[in-house]
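What's in my_file.txt: compact mmCIF, C-alpha atoms
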# COMPACT_ATOMS: atom_id res chain seq x y z
CA MET F 1 -3.77 -15.64 17.23
CA ASP F 2 -0.04 -14.83 17.23
CA ILE F 3 2.52 -15.24 14.44
CA ALA F 4 4.62 -18.01 16.03
CA ASP F 5 3.41 -20.57 13.49
CA ILE F 6 3.24 -18.36 10.41
CA ALA F 7 6.59 -16.56 10.59
CA THR F 8 9.15 -18.31 8.38
CA PRO F 9 12.88 -18.83 8.96
CA ASP F 10 13.47 -18.75 5.19
CA PHE F 11 14.55 -15.32 3.96
CA ILE F 12 17.09 -13.55 1.76
CA GLU F 13 19.57 -11.11 3.19
CA VAL F 14 22.23 -8.83 1.73
CA ASP F 15 24.85 -6.50 3.19
CA VAL F 16 24.42 -2.71 3.15
CA ASP F 17 27.43 -2.55 0.81
CA GLU F 18 25.91 -4.85 -1.80
CA ARG F 19 25.38 -3.30 -5.25
CA LEU F 20 21.80 -2.44 -6.13
CA GLY F 21 22.36 -4.14 -9.47
CA LYS F 22 22.67 -7.44 -7.64
CA VAL F 23 19.66 -6.65 -5.46
CA ARG F 24 17.58 -6.03 -8.58
CA SER F 25 18.74 -9.34 -10.06
CA ILE F 26 17.67 -11.11 -6.85
CA PHE F 27 14.17 -9.70 -7.26
CA GLU F 28 14.09 -10.96 -10.84
CA ARG F 29 15.43 -14.43 -9.96
CA GLU F 30 13.82 -15.12 -6.57
CA ASN F 31 10.74 -12.84 -6.58
CA PRO F 32 10.96 -12.33 -2.80
CA LYS F 33 8.48 -10.26 -0.78
CA GLY F 34 11.43 -8.26 0.48
CA ILE F 35 15.10 -8.49 1.31
CA ILE F 36 16.59 -8.14 4.79
CA VAL F 37 19.61 -5.81 4.87
CA GLN F 38 22.43 -6.42 7.34
CA ASP F 39 25.17 -4.06 8.48
CA ASP F 40 28.16 -5.97 9.82
CA GLY F 41 25.87 -8.77 10.93
CA GLU F 42 23.30 -6.45 12.54
CA TYR F 43 19.81 -5.85 11.19
CA ALA F 44 19.60 -2.55 9.25
CA GLY F 45 16.24 -2.67 7.46
CA VAL F 46 14.52 -4.07 4.37
CA ILE F 47 14.36 -3.38 0.65
CA GLY F 48 11.10 -3.99 -1.19
CA GLU F 49 10.17 -3.67 -4.84
CA LYS F 50 8.48 -0.35 -4.12
CA GLN F 51 11.84 1.11 -3.09
CA LEU F 52 13.42 -0.14 -6.31
CA ILE F 53 10.78 1.27 -8.66
CA ASN F 54 10.59 4.61 -6.83
CA SER F 55 14.24 5.27 -7.46
CA HIS F 56 16.54 6.27 -10.31
CA VAL F 57 19.59 5.09 -8.33
CA GLU F 58 22.31 3.50 -10.45
CA ASP F 59 23.22 -0.19 -10.20
CA ASN F 60 26.60 0.53 -8.60
CA THR F 61 25.01 2.34 -5.66
CA LYS F 62 25.12 0.45 -2.37
CA ALA F 63 22.01 -1.21 -0.96
CA ALA F 64 22.14 1.11 2.04
CA ALA F 65 20.77 3.92 -0.15
CA LEU F 66 17.36 2.23 -0.49
CA THR F 67 17.17 0.42 2.85
CA LYS F 68 13.92 1.14 4.69
CA ALA F 69 13.80 1.01 8.47
CA VAL F 70 11.11 -1.49 9.52
CA PRO F 71 10.58 -2.34 13.21
CA LYS F 72 11.52 -5.77 14.53
CA ILE F 73 8.57 -7.97 15.44
CA ASP F 74 8.47 -10.46 18.29
CA ARG F 75 7.75 -13.99 17.11
CA HIS F 76 4.78 -14.24 19.51
CA GLU F 77 3.19 -10.89 18.61
CA ASN F 78 -0.57 -10.81 17.95
CA VAL F 79 -1.47 -11.07 14.27
CA ARG F 80 -3.67 -7.97 14.44
CA GLU F 81 -0.81 -5.83 15.76
CA VAL F 82 1.57 -7.26 13.15
CA ALA F 83 -0.93 -6.32 10.42
CA ARG F 84 -0.97 -2.78 11.80
CA MET F 85 2.84 -2.60 11.81
CA LEU F 86 3.09 -3.76 8.19
CA VAL F 87 0.48 -1.25 7.03
CA GLU F 88 1.90 1.67 8.99
CA GLY F 89 5.43 0.76 7.91
CA ASP F 90 4.26 0.58 4.26
CA THR F 91 6.01 -2.76 3.85
CA LYS F 92 5.16 -6.32 2.83
CA VAL F 93 7.82 -7.94 4.99
CA ALA F 94 9.30 -7.44 8.45
CA PRO F 95 12.03 -9.18 10.48
CA VAL F 96 10.88 -11.55 13.23
CA TYR F 97 12.94 -11.97 16.38
CA GLU F 98 12.92 -14.48 19.19
CA GLY F 99 14.58 -12.60 22.01
CA GLU F 100 17.74 -11.08 20.58
CA LYS F 101 18.05 -13.60 17.75
CA GLN F 102 16.55 -13.10 14.32
CA TYR F 103 14.19 -15.98 13.69
CA GLY F 104 13.10 -15.08 10.17
CA ILE F 105 10.48 -12.89 8.53
CA ILE F 106 6.75 -12.37 8.47
CA THR F 107 5.09 -11.51 5.18
CA GLN F 108 1.82 -10.00 4.13
CA ASP F 109 0.87 -13.21 2.32
CA ALA F 110 1.56 -15.42 5.35
CA ILE F 111 -0.87 -13.39 7.46
CA LEU F 112 -3.59 -13.44 4.81
CA GLU F 113 -3.28 -17.19 4.29
CA ALA F 114 -3.59 -17.73 8.04
CA VAL F 115 -6.77 -15.63 8.44
CA LEU F 116 -8.37 -16.48 5.08
CA ASP F 117 -11.33 -18.38 6.53
CA ASN F 118 -12.13 -15.45 8.84
CA LEU F 119 -12.73 -13.17 5.85
CA ASP F 120 -15.87 -14.79 4.48
CA ALA F 121 -18.22 -12.40 6.32
CA LEU F 122 -16.68 -9.32 4.73
CA THR F 123 -17.48 -8.04 1.27
CA VAL F 124 -15.15 -6.23 -1.11
CA GLU F 125 -17.47 -3.22 -0.94
CA GLN F 126 -16.67 -2.80 2.75
CA ILE F 127 -12.91 -2.43 2.34
CA TYR F 128 -11.95 -1.44 -1.20
CA THR F 129 -10.46 1.95 -2.16
CA ASP F 130 -12.70 3.98 -4.44
CA ASP F 131 -10.50 7.06 -5.09
CA VAL F 132 -8.52 5.09 -7.64
CA VAL F 133 -5.68 6.47 -9.79
CA THR F 134 -5.67 5.31 -13.42
CA VAL F 135 -3.40 5.68 -16.45
CA GLY F 136 -4.23 5.78 -20.15
CA GLU F 137 -3.13 2.93 -22.38
CA ARG F 138 -1.48 5.46 -24.73
CA ASP F 139 0.40 7.25 -21.92
CA HIS F 140 4.16 6.70 -21.70
CA LEU F 141 5.81 4.50 -19.07
CA GLY F 142 7.56 7.60 -17.73
CA GLN F 143 4.17 9.15 -17.01
CA ALA F 144 3.02 5.96 -15.31
CA ILE F 145 6.11 5.82 -13.11
CA ASN F 146 5.61 9.44 -12.07
CA ARG F 147 1.97 8.70 -11.22
CA LEU F 148 2.95 5.69 -9.12
CA ARG F 149 5.54 7.76 -7.29
CA GLU F 150 3.34 10.84 -6.86
CA HIS F 151 0.42 8.94 -5.36
CA GLY F 152 2.44 6.32 -3.50
CA VAL F 153 0.53 3.41 -5.06
CA SER F 154 1.73 0.12 -6.51
CA ARG F 155 -0.80 -0.45 -9.32
CA LEU F 156 -2.64 1.54 -11.94
CA PRO F 157 -5.75 0.34 -13.78
CA VAL F 158 -5.18 1.08 -17.47
CA VAL F 159 -8.08 2.67 -19.35
CA ASN F 160 -8.76 3.49 -23.00
CA ASP F 161 -9.85 6.83 -24.44
CA GLU F 162 -13.42 6.18 -23.25
CA GLY F 163 -12.30 5.43 -19.71
CA ARG F 164 -12.97 1.71 -20.04
CA LEU F 165 -10.74 -0.84 -18.31
CA GLU F 166 -8.15 -2.40 -20.61
CA GLY F 167 -5.55 -3.81 -18.22
CA ILE F 168 -3.36 -3.22 -15.17
CA LEU F 169 0.18 -1.88 -14.72
CA THR F 170 2.06 -2.61 -11.48
CA THR F 171 5.41 -1.79 -9.93
CA TYR F 172 6.33 -5.46 -10.37
CA ASP F 173 5.77 -5.18 -14.14
CA LEU F 174 8.11 -2.19 -14.26
CA VAL F 175 10.81 -3.76 -12.06
CA GLU F 176 10.77 -6.96 -14.12
CA PHE F 177 10.94 -5.05 -17.41
CA MET F 178 13.75 -2.72 -16.36
CA VAL F 179 15.88 -5.46 -14.81
CA ARG F 180 15.44 -7.67 -17.85
CA ASP F 181 16.22 -4.82 -20.26
CA GLU F 182 19.25 -3.57 -18.35
CA GLY F 183 20.65 -7.08 -17.94
CA ARG F 184 20.45 -7.65 -21.68
CA GLN F 185 22.34 -4.47 -22.47
CA GLY F 186 25.31 -5.10 -20.23
CA LYS F 187 27.50 -2.45 -18.63
CA GLN F 188 27.63 0.17 -21.36
CA ASP F 189 26.03 3.60 -20.99
CA ARG F 190 22.27 3.02 -21.06
CA ARG F 191 21.02 6.58 -20.76
CA GLY F 192 19.61 6.62 -24.29
CA ASP F 193 18.01 3.22 -23.81
CA THR F 194 16.43 4.34 -20.54
CA ASP F 195 14.86 7.29 -22.32
CA ARG F 196 13.55 4.91 -24.95
CA MET F 197 12.03 2.68 -22.27
CA LEU F 198 10.30 5.61 -20.60
CA ASP F 199 8.80 6.67 -23.93
CA LEU F 200 7.16 3.29 -24.55
CA PRO F 201 3.33 3.29 -24.31
CA VAL F 202 1.74 1.70 -21.26
CA TYR F 203 -0.08 -0.59 -23.66
CA ASP F 204 3.20 -2.44 -24.37
CA LEU F 205 3.75 -3.43 -20.74
CA MET F 206 0.32 -3.70 -19.10
CA THR F 207 -1.27 -7.02 -18.18
CA SER F 208 -4.52 -7.59 -20.04
CA PRO F 209 -7.16 -8.44 -19.15
CA ALA F 210 -6.95 -7.16 -15.60
CA ARG F 211 -8.16 -9.49 -12.86
CA THR F 212 -11.24 -8.07 -11.19
CA ALA F 213 -13.54 -8.38 -8.20
CA THR F 214 -17.11 -7.22 -7.68
CA PRO F 215 -18.29 -5.21 -4.67
CA GLU F 216 -20.69 -7.95 -3.58
CA GLU F 217 -18.23 -10.86 -3.45
CA SER F 218 -16.58 -11.95 -0.22
CA VAL F 219 -13.13 -10.72 0.75
CA ARG F 220 -12.19 -14.35 1.27
CA ASP F 221 -12.81 -15.15 -2.40
CA ALA F 222 -10.97 -12.02 -3.54
CA VAL F 223 -7.92 -12.77 -1.38
CA ALA F 224 -7.89 -16.41 -2.44
CA ARG F 225 -7.77 -15.26 -6.06
CA MET F 226 -4.88 -12.86 -5.32
CA LEU F 227 -2.91 -15.62 -3.58
CA GLU F 228 -3.65 -18.14 -6.34
CA HIS F 229 -2.37 -15.85 -9.09
CA GLY F 230 0.45 -14.25 -7.08
CA ILE F 231 -0.90 -10.72 -7.39
CA ALA F 232 -1.38 -8.00 -4.78
CA GLY F 233 -4.64 -6.43 -5.90
CA LEU F 234 -7.78 -6.59 -8.04
CA VAL F 235 -9.66 -3.91 -9.95
CA VAL F 236 -13.19 -3.54 -8.59
CA THR F 237 -15.92 -3.45 -11.26
CA PRO F 238 -19.72 -3.84 -11.22
CA ALA F 239 -21.00 -7.40 -11.57
CA ASP F 240 -22.71 -6.51 -14.86
CA ASP F 241 -19.94 -4.37 -16.37
CA ASP F 242 -16.29 -5.45 -16.18
CA GLY F 243 -15.18 -2.35 -18.06
CA GLU F 244 -16.23 0.24 -15.46
CA VAL F 245 -13.55 0.98 -12.85
CA LEU F 246 -15.05 1.46 -9.39
CA GLY F 247 -11.82 1.15 -7.46
CA VAL F 248 -9.10 -1.23 -6.36
CA VAL F 249 -8.91 -3.77 -3.54
CA THR F 250 -5.45 -4.81 -2.37
CA LYS F 251 -3.89 -7.08 0.19
CA THR F 252 -3.02 -3.96 2.17
CA ASP F 253 -6.71 -3.02 2.30
CA VAL F 254 -7.39 -6.43 3.84
CA LEU F 255 -4.57 -6.09 6.38
CA ARG F 256 -5.96 -2.69 7.31
CA ALA F 257 -9.34 -4.26 8.02
CA LEU F 258 -7.66 -6.70 10.41
CA THR F 259 -6.58 -3.77 12.58
CA TYR F 260 -10.12 -2.57 13.30
CA THR F 261 -10.91 -2.92 16.99
CA GLU F 262 -13.88 -3.26 19.32
CA GLU F 263 -12.99 -0.03 21.11
CA GLU F 264 -15.50 2.81 21.30
CA GLN F 265 -12.81 5.26 20.22
CA MET F 266 -12.40 5.61 16.47
CA ASP F 267 -9.47 3.58 15.15
CA VAL F 268 -6.93 5.84 13.40
CA GLN F 269 -4.07 4.34 11.43
CA VAL F 270 -1.05 6.28 10.16
CA THR F 271 1.16 5.12 7.28
CA ASN F 272 4.73 6.44 7.13
CA ILE F 273 4.47 7.64 10.71
CA GLY F 274 8.20 8.35 10.66
CA LEU F 275 7.48 11.56 8.70
CA LEU F 276 5.70 13.09 11.71
CA GLU F 277 7.71 15.71 13.59
CA THR F 278 5.74 18.30 15.54
CA LEU F 279 2.52 16.41 14.78
CA SER F 280 1.70 13.40 16.98
CA ARG F 281 -0.63 10.45 16.55
CA ALA F 282 -2.77 11.89 19.36
CA ASP F 283 -3.06 15.20 17.47
CA ILE F 284 -4.22 13.36 14.35
CA ASN F 285 -6.75 11.29 16.27
CA SER F 286 -8.16 14.34 18.05
CA ALA F 287 -8.48 16.43 14.87
CA ILE F 288 -10.27 13.70 12.88
CA THR F 289 -12.53 12.88 15.83
CA GLU F 290 -13.49 16.56 16.08
CA VAL F 291 -14.54 16.60 12.42
CA ALA F 292 -16.45 13.32 12.76
CA ASP F 293 -18.23 14.38 15.95
CA LYS F 294 -19.82 17.37 14.21
CA TYR F 295 -21.92 14.98 12.15
CA GLN F 296 -22.97 12.28 14.59
CA ARG F 297 -25.59 10.77 12.33
CA MET F 298 -22.71 9.33 10.31
CA SER F 299 -20.70 6.55 12.00
CA VAL F 300 -16.94 6.66 11.36
CA LEU F 301 -15.54 3.16 11.74
CA HIS F 302 -11.92 3.65 10.76
CA ALA F 303 -9.58 6.41 9.62
CA HIS F 304 -6.42 5.96 7.59
CA VAL F 305 -3.91 8.79 7.26
CA ARG F 306 -1.08 8.36 4.78
CA PHE F 307 1.94 10.67 4.44
CA HIS F 308 4.18 10.65 1.38
CA GLU F 309 7.38 12.70 1.08
CA HIS F 310 8.35 14.45 -2.15
CA LYS F 311 11.90 15.46 -3.04
CA GLU F 312 11.06 19.18 -3.14
CA LYS F 313 12.05 21.18 -0.04
CA LEU F 314 11.57 24.71 1.28
CA ARG F 315 14.33 25.87 3.62
CA GLY F 316 15.05 22.26 4.46
CA THR F 317 11.42 21.23 5.06
CA PRO F 318 10.18 18.57 2.63
CA LEU F 319 6.98 18.84 0.62
CA ILE F 320 4.58 16.27 2.08
CA GLN F 321 1.42 14.84 0.60
CA CYS F 322 -1.25 13.77 3.09
CA GLN F 323 -4.25 11.56 2.29
CA ILE F 324 -7.01 11.01 4.84
CA ARG F 325 -9.58 8.31 4.20
CA LEU F 326 -12.56 7.57 6.44
CA ARG F 327 -14.52 4.34 6.25
CA THR F 328 -18.00 5.23 7.43
CA SER F 329 -21.52 3.88 7.59
CA HIS F 330 -22.07 5.75 4.30
CA GLY F 331 -19.03 4.47 2.43
CA GLN F 332 -15.63 6.07 2.00
CA LEU F 333 -14.82 9.75 2.40
CA ALA F 334 -11.44 11.25 1.66
CA GLY F 335 -9.42 14.44 1.64
CA SER F 336 -5.90 15.08 0.41
CA GLY F 337 -3.47 17.97 0.37
CA GLU F 338 0.16 19.00 0.22
CA GLY F 339 2.25 21.23 2.40
CA TYR F 340 5.77 21.76 3.66
CA GLY F 341 5.98 19.48 6.66
CA ALA F 342 3.53 16.84 7.86
CA GLN F 343 1.52 19.24 10.04
CA HIS F 344 0.78 21.66 7.20
CA ALA F 345 -0.10 18.85 4.78
CA PHE F 346 -2.38 17.20 7.33
CA HIS F 347 -4.41 20.34 7.97
CA VAL F 348 -4.84 21.03 4.24
CA ALA F 349 -6.13 17.47 3.79
CA LEU F 350 -8.33 17.79 6.89
CA ASP F 351 -10.02 20.91 5.50
CA LYS F 352 -10.88 19.08 2.28
CA LEU F 353 -12.11 16.07 4.24
CA GLU F 354 -14.44 18.24 6.31
CA ARG F 355 -16.00 19.69 3.16
CA ASN F 356 -16.60 16.18 1.86
CA VAL F 357 -18.07 15.03 5.17
CA LEU F 358 -20.46 17.98 5.07
CA GLU F 359 -22.04 16.55 1.92
CA VAL F 360 -23.25 13.46 3.78
CA LYS F 361 -24.30 15.24 6.95
CA GLY F 362 -27.95 14.23 6.68
CA PHE F 363 -27.47 10.52 6.08
CA GLU F 364 -28.66 7.98 8.63
CA ALA F 365 -26.17 5.58 10.23
CA ASP F 366 -25.90 2.00 9.07
CA GLU F 367 -24.67 -0.30 11.85
CA ARG F 368 -24.65 -3.51 9.79
CA TYR F 369 -21.03 -3.04 8.69
CA ARG F 370 -19.79 -2.41 12.24
CA GLY F 371 -21.41 -5.50 13.74
CA GLN F 372 -20.58 -7.87 10.91
CA LEU F 373 -16.96 -6.77 10.62
CA ARG F 374 -16.12 -6.59 14.33
CA ARG F 375 -17.90 -9.84 15.20
CA LYS F 376 -15.91 -11.85 12.65
CA LEU F 377 -12.52 -10.20 13.12
CA ASN F 378 -12.77 -10.44 16.90
CA GLU F 379 -12.37 -14.20 16.50
CA LEU F 380 -8.74 -13.73 15.40

In structure tokens, what does this structure look like?
Amino acid sequence: MDIADIATPDFIEVDVDERLGKVRSIFERENPKGIIVQDDGEYAGVIGEKQLINSHVEDNTKAAALTKAVPKIDRHENVREVARMLVEGDTKVAPVYEGEKQYGIITQDAILEAVLDNLDALTVEQIYTDDVVTVGERDHLGQAINRLREHGVSRLPVVNDEGRLEGILTTYDLVEFMVRDEGRQGKQDRRGDTDRMLDLPVYDLMTSPARTATPEESVRDAVARMLEHGIAGLVVTPADDDGEVLGVVTKTDVLRALTYTEEEQMDVQVTNIGLLETLSRADINSAITEVADKYQRMSVLHAHVRFHEHKEKLRGTPLIQCQIRLRTSHGQLAGSGEGYGAQHAFHVALDKLERNVLEVKGFEADERYRGQLRRKLNEL
């Protein structure tokens, strides 16, 4: 399947010189999946809500400051490769071209709607993320924003003092609140009001109750619920206890599953690949394969490596956070670490991953997931 029939010619675009204040108002009014940025009529990149929430940039700053470079996609590209490009580019929207002419955009939702019926053989348990980041309902919004930025996530399950699920806080909630609040206050100095906003408790802004999914239900049903309610993720809870947080399943998790292949070689996916310098994709693949091969009784089906850049630098080299997650026949295994430069961060995370893999060394392989997943997704 290619994207010729699911790419849309309807999209919003702004110039690189447009004020971010106007861009924020577009998100509030139109609720787009992303905005295409043009520079003198030429494609420059996209702006998504994640860029807006992860920034303290003032309204008068030009859109160019938050424009993210996202590769152009051919209108007849395979849907599996497009899913990979969206995940690795950490974006929900990408420009679609027909030859040299921009045809429109492809969105995360359009892909999921197109493959929905192919997802009924997968369960949430097979794809969800279990190393979930939460926030307390009494924590301040400033703390929540820092946690979103630090971990590079878009949603935080909100828990009470006993660790029980009370709601969900997302980047969209924060964007909507800040745009609405700033628009009401006009052009005067809002520094004091911003401090007041950041001191509000998460309880005041979270959505409650949070929408949930159980590990046993099909990915098709979970995605259908996300699309129906216009949300990007669900909190995963046990079927008999909707207050226990097991993890989170998102649309990105589903797109990532679409990239799994039939190849014998382990599939390794890298998010924010632009942060790599001396480290190559081949280096990453080789290093993870070496760790996995030491424990052959455990089947590694897919590896996801995510890099996230912090503002801190040492002699010009940025502090990088690296997260490695393996999806194996024995569930998910992960390792994370920080270092100056992608290579350093990757090896710190790899060391932690290897220690975690060691704990499951004696487990027997379970091939059911491999066959069920590959057989269904190979129909795409």

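Ranking F:Thr271, F:Thr61, F:Thr67, F:Thr328 by their shortest atom-to-atom distance to Glu13 of chain F, with all atoms listed in the file included, puts F:Thr67 first.
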
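One finds atom CA of Asp17 of chain F at 22.7 Å from atom CA of Lys92 of chain F.
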
Padding of 4 Å on every side, edges along x, y and z, all listed atoms of segment 19-30 of chain F included: what centre and edge lengths in Å, to one decimal, does that box have, as AutoDock Vina command-line options?
--center_x 19.6 --center_y -8.8 --center_z -8.0 --size_x 19.6 --size_y 20.7 --size_z 13.6

To one decimal place, how far is atom CA of Leu86 of chain F from atom CA of Asn356 of chain F in Å? 28.7 Å

Expressed in Å, the length from atom CA of Thr214 of chain F to atom CA of Glu125 of chain F is 7.8 Å

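Considering only C-alpha atoms, the residue among F:Lys313, F:Arg355, F:Ala213, F:His76 positioned nearest to Gly339 of chain F is F:Lys313.
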
Would you be able to write out as a CSV table (one decimal) with C-alpha atoms, in the coordinates of the input which residues have an atom within 10 Å of (-5.8, -14.1, -8.8) in the file's coordinates, counting all atoms listed in the file?
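New file point.csv:
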chain,number,residue,atom,x,y,z
F,210,ALA,CA,-7.0,-7.2,-15.6
F,211,ARG,CA,-8.2,-9.5,-12.9
F,212,THR,CA,-11.2,-8.1,-11.2
F,213,ALA,CA,-13.5,-8.4,-8.2
F,221,ASP,CA,-12.8,-15.2,-2.4
F,222,ALA,CA,-11.0,-12.0,-3.5
F,223,VAL,CA,-7.9,-12.8,-1.4
F,224,ALA,CA,-7.9,-16.4,-2.4
F,225,ARG,CA,-7.8,-15.3,-6.1
F,226,MET,CA,-4.9,-12.9,-5.3
F,227,LEU,CA,-2.9,-15.6,-3.6
F,228,GLU,CA,-3.6,-18.1,-6.3
F,229,HIS,CA,-2.4,-15.8,-9.1
F,230,GLY,CA,0.4,-14.2,-7.1
F,231,ILE,CA,-0.9,-10.7,-7.4
F,232,ALA,CA,-1.4,-8.0,-4.8
F,233,GLY,CA,-4.6,-6.4,-5.9
F,234,LEU,CA,-7.8,-6.6,-8.0

Polymer residues at most 8 Å from Asp74 of chain F, all atoms listed in the file, same-chain spacing of 2 or more positions, as an MDAnalysis selection string: chainID F and resid 72 76:77 96:99

Next, write the just-selected residues to a file, as a PDB file, in the coordinates of the input, keeping C-alpha atoms as the atom set.
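In the end it all went to selection-v7.pdb:
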ATOM      1  CA  LYS F  72      11.520  -5.770  14.530  1.00  0.00           C
ATOM      2  CA  HIS F  76       4.780 -14.240  19.510  1.00  0.00           C
ATOM      3  CA  GLU F  77       3.190 -10.890  18.610  1.00  0.00           C
ATOM      4  CA  VAL F  96      10.880 -11.550  13.230  1.00  0.00           C
ATOM      5  CA  TYR F  97      12.940 -11.970  16.380  1.00  0.00           C
ATOM      6  CA  GLU F  98      12.920 -14.480  19.190  1.00  0.00           C
ATOM      7  CA  GLY F  99      14.580 -12.600  22.010  1.00  0.00           C
TER       8      GLY F  99
END

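Closest approach to Val249 of chain F among F:Gly45, F:Pro157, F:Pro318, F:Gly335: F:Pro157, based on all atoms listed in the file.
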
Residue contacts of segment 235-242 of chain F (12 Å, all atoms listed in the file) excluding same-chain residues fewer than 2 positions away, as a VMD selection string: chain F and resid 123 to 134 155 to 159 164 to 170 208 to 217 219 222 226 231 to 233 244 to 250

Okay, now the selection with C-alpha atoms, as a PDB file, in the coordinates of the input?
ATOM      1  CA  THR F 123     -17.480  -8.040   1.270  1.00  0.00           C
ATOM      2  CA  VAL F 124     -15.150  -6.230  -1.110  1.00  0.00           C
ATOM      3  CA  GLU F 125     -17.470  -3.220  -0.940  1.00  0.00           C
ATOM      4  CA  GLN F 126     -16.670  -2.800   2.750  1.00  0.00           C
ATOM      5  CA  ILE F 127     -12.910  -2.430   2.340  1.00  0.00           C
ATOM      6  CA  TYR F 128     -11.950  -1.440  -1.200  1.00  0.00           C
ATOM      7  CA  THR F 129     -10.460   1.950  -2.160  1.00  0.00           C
ATOM      8  CA  ASP F 130     -12.700   3.980  -4.440  1.00  0.00           C
ATOM      9  CA  ASP F 131     -10.500   7.060  -5.090  1.00  0.00           C
ATOM     10  CA  VAL F 132      -8.520   5.090  -7.640  1.00  0.00           C
ATOM     11  CA  VAL F 133      -5.680   6.470  -9.790  1.00  0.00           C
ATOM     12  CA  THR F 134      -5.670   5.310 -13.420  1.00  0.00           C
ATOM     13  CA  ARG F 155      -0.800  -0.450  -9.320  1.00  0.00           C
ATOM     14  CA  LEU F 156      -2.640   1.540 -11.940  1.00  0.00           C
ATOM     15  CA  PRO F 157      -5.750   0.340 -13.780  1.00  0.00           C
ATOM     16  CA  VAL F 158      -5.180   1.080 -17.470  1.00  0.00           C
ATOM     17  CA  VAL F 159      -8.080   2.670 -19.350  1.00  0.00           C
ATOM     18  CA  ARG F 164     -12.970   1.710 -20.040  1.00  0.00           C
ATOM     19  CA  LEU F 165     -10.740  -0.840 -18.310  1.00  0.00           C
ATOM     20  CA  GLU F 166      -8.150  -2.400 -20.610  1.00  0.00           C
ATOM     21  CA  GLY F 167      -5.550  -3.810 -18.220  1.00  0.00           C
ATOM     22  CA  ILE F 168      -3.360  -3.220 -15.170  1.00  0.00           C
ATOM     23  CA  LEU F 169       0.180  -1.880 -14.720  1.00  0.00           C
ATOM     24  CA  THR F 170       2.060  -2.610 -11.480  1.00  0.00           C
ATOM     25  CA  SER F 208      -4.520  -7.590 -20.040  1.00  0.00           C
ATOM     26  CA  PRO F 209      -7.160  -8.440 -19.150  1.00  0.00           C
ATOM     27  CA  ALA F 210      -6.950  -7.160 -15.600  1.00  0.00           C
ATOM     28  CA  ARG F 211      -8.160  -9.490 -12.860  1.00  0.00           C
ATOM     29  CA  THR F 212     -11.240  -8.070 -11.190  1.00  0.00           C
ATOM     30  CA  ALA F 213     -13.540  -8.380  -8.200  1.00  0.00           C
ATOM     31  CA  THR F 214     -17.110  -7.220  -7.680  1.00  0.00           C
ATOM     32  CA  PRO F 215     -18.290  -5.210  -4.670  1.00  0.00           C
ATOM     33  CA  GLU F 216     -20.690  -7.950  -3.580  1.00  0.00           C
ATOM     34  CA  GLU F 217     -18.230 -10.860  -3.450  1.00  0.00           C
ATOM     35  CA  VAL F 219     -13.130 -10.720   0.750  1.00  0.00           C
ATOM     36  CA  ALA F 222     -10.970 -12.020  -3.540  1.00  0.00           C
ATOM     37  CA  MET F 226      -4.880 -12.860  -5.320  1.00  0.00           C
ATOM     38  CA  ILE F 231      -0.900 -10.720  -7.390  1.00  0.00           C
ATOM     39  CA  ALA F 232      -1.380  -8.000  -4.780  1.00  0.00           C
ATOM     40  CA  GLY F 233      -4.640  -6.430  -5.900  1.00  0.00           C
ATOM     41  CA  GLU F 244     -16.230   0.240 -15.460  1.00  0.00           C
ATOM     42  CA  VAL F 245     -13.550   0.980 -12.850  1.00  0.00           C
ATOM     43  CA  LEU F 246     -15.050   1.460  -9.390  1.00  0.00           C
ATOM     44  CA  GLY F 247     -11.820   1.150  -7.460  1.00  0.00           C
ATOM     45  CA  VAL F 248      -9.100  -1.230  -6.360  1.00  0.00           C
ATOM     46  CA  VAL F 249      -8.910  -3.770  -3.540  1.00  0.00           C
ATOM     47  CA  THR F 250      -5.450  -4.810  -2.370  1.00  0.00           C
TER      48      THR F 250
END

All residues 12 Å or closer to segment 1-5 of chain F, all atoms listed in the file, same chain fewer than 5 positions away omitted, as a tab-separated table (two decimals) with C-alpha atoms, in the frame of the given file:
chain	number	residue	atom	x	y	z
F	73	ILE	CA	8.57	-7.97	15.44
F	74	ASP	CA	8.47	-10.46	18.29
F	75	ARG	CA	7.75	-13.99	17.11
F	76	HIS	CA	4.78	-14.24	19.51
F	77	GLU	CA	3.19	-10.89	18.61
F	78	ASN	CA	-0.57	-10.81	17.95
F	79	VAL	CA	-1.47	-11.07	14.27
F	80	ARG	CA	-3.67	-7.97	14.44
F	81	GLU	CA	-0.81	-5.83	15.76
F	82	VAL	CA	1.57	-7.26	13.15
F	83	ALA	CA	-0.93	-6.32	10.42
F	94	ALA	CA	9.30	-7.44	8.45
F	95	PRO	CA	12.03	-9.18	10.48
F	96	VAL	CA	10.88	-11.55	13.23
F	97	TYR	CA	12.94	-11.97	16.38
F	98	GLU	CA	12.92	-14.48	19.19
F	103	TYR	CA	14.19	-15.98	13.69
F	104	GLY	CA	13.10	-15.08	10.17
F	105	ILE	CA	10.48	-12.89	8.53
F	106	ILE	CA	6.75	-12.37	8.47
F	107	THR	CA	5.09	-11.51	5.18
F	108	GLN	CA	1.82	-10.00	4.13
F	110	ALA	CA	1.56	-15.42	5.35
F	111	ILE	CA	-0.87	-13.39	7.46
F	112	LEU	CA	-3.59	-13.44	4.81
F	113	GLU	CA	-3.28	-17.19	4.29
F	114	ALA	CA	-3.59	-17.73	8.04
F	115	VAL	CA	-6.77	-15.63	8.44
F	118	ASN	CA	-12.13	-15.45	8.84
F	258	LEU	CA	-7.66	-6.70	10.41
F	377	LEU	CA	-12.52	-10.20	13.12
F	378	ASN	CA	-12.77	-10.44	16.90
F	379	GLU	CA	-12.37	-14.20	16.50
F	380	LEU	CA	-8.74	-13.73	15.40

For Arg84 of chain F, which residue among F:Glu309, F:Asp293, F:Glu137, F:Asp253 is the nearest when counting only C-alpha atoms? F:Asp253
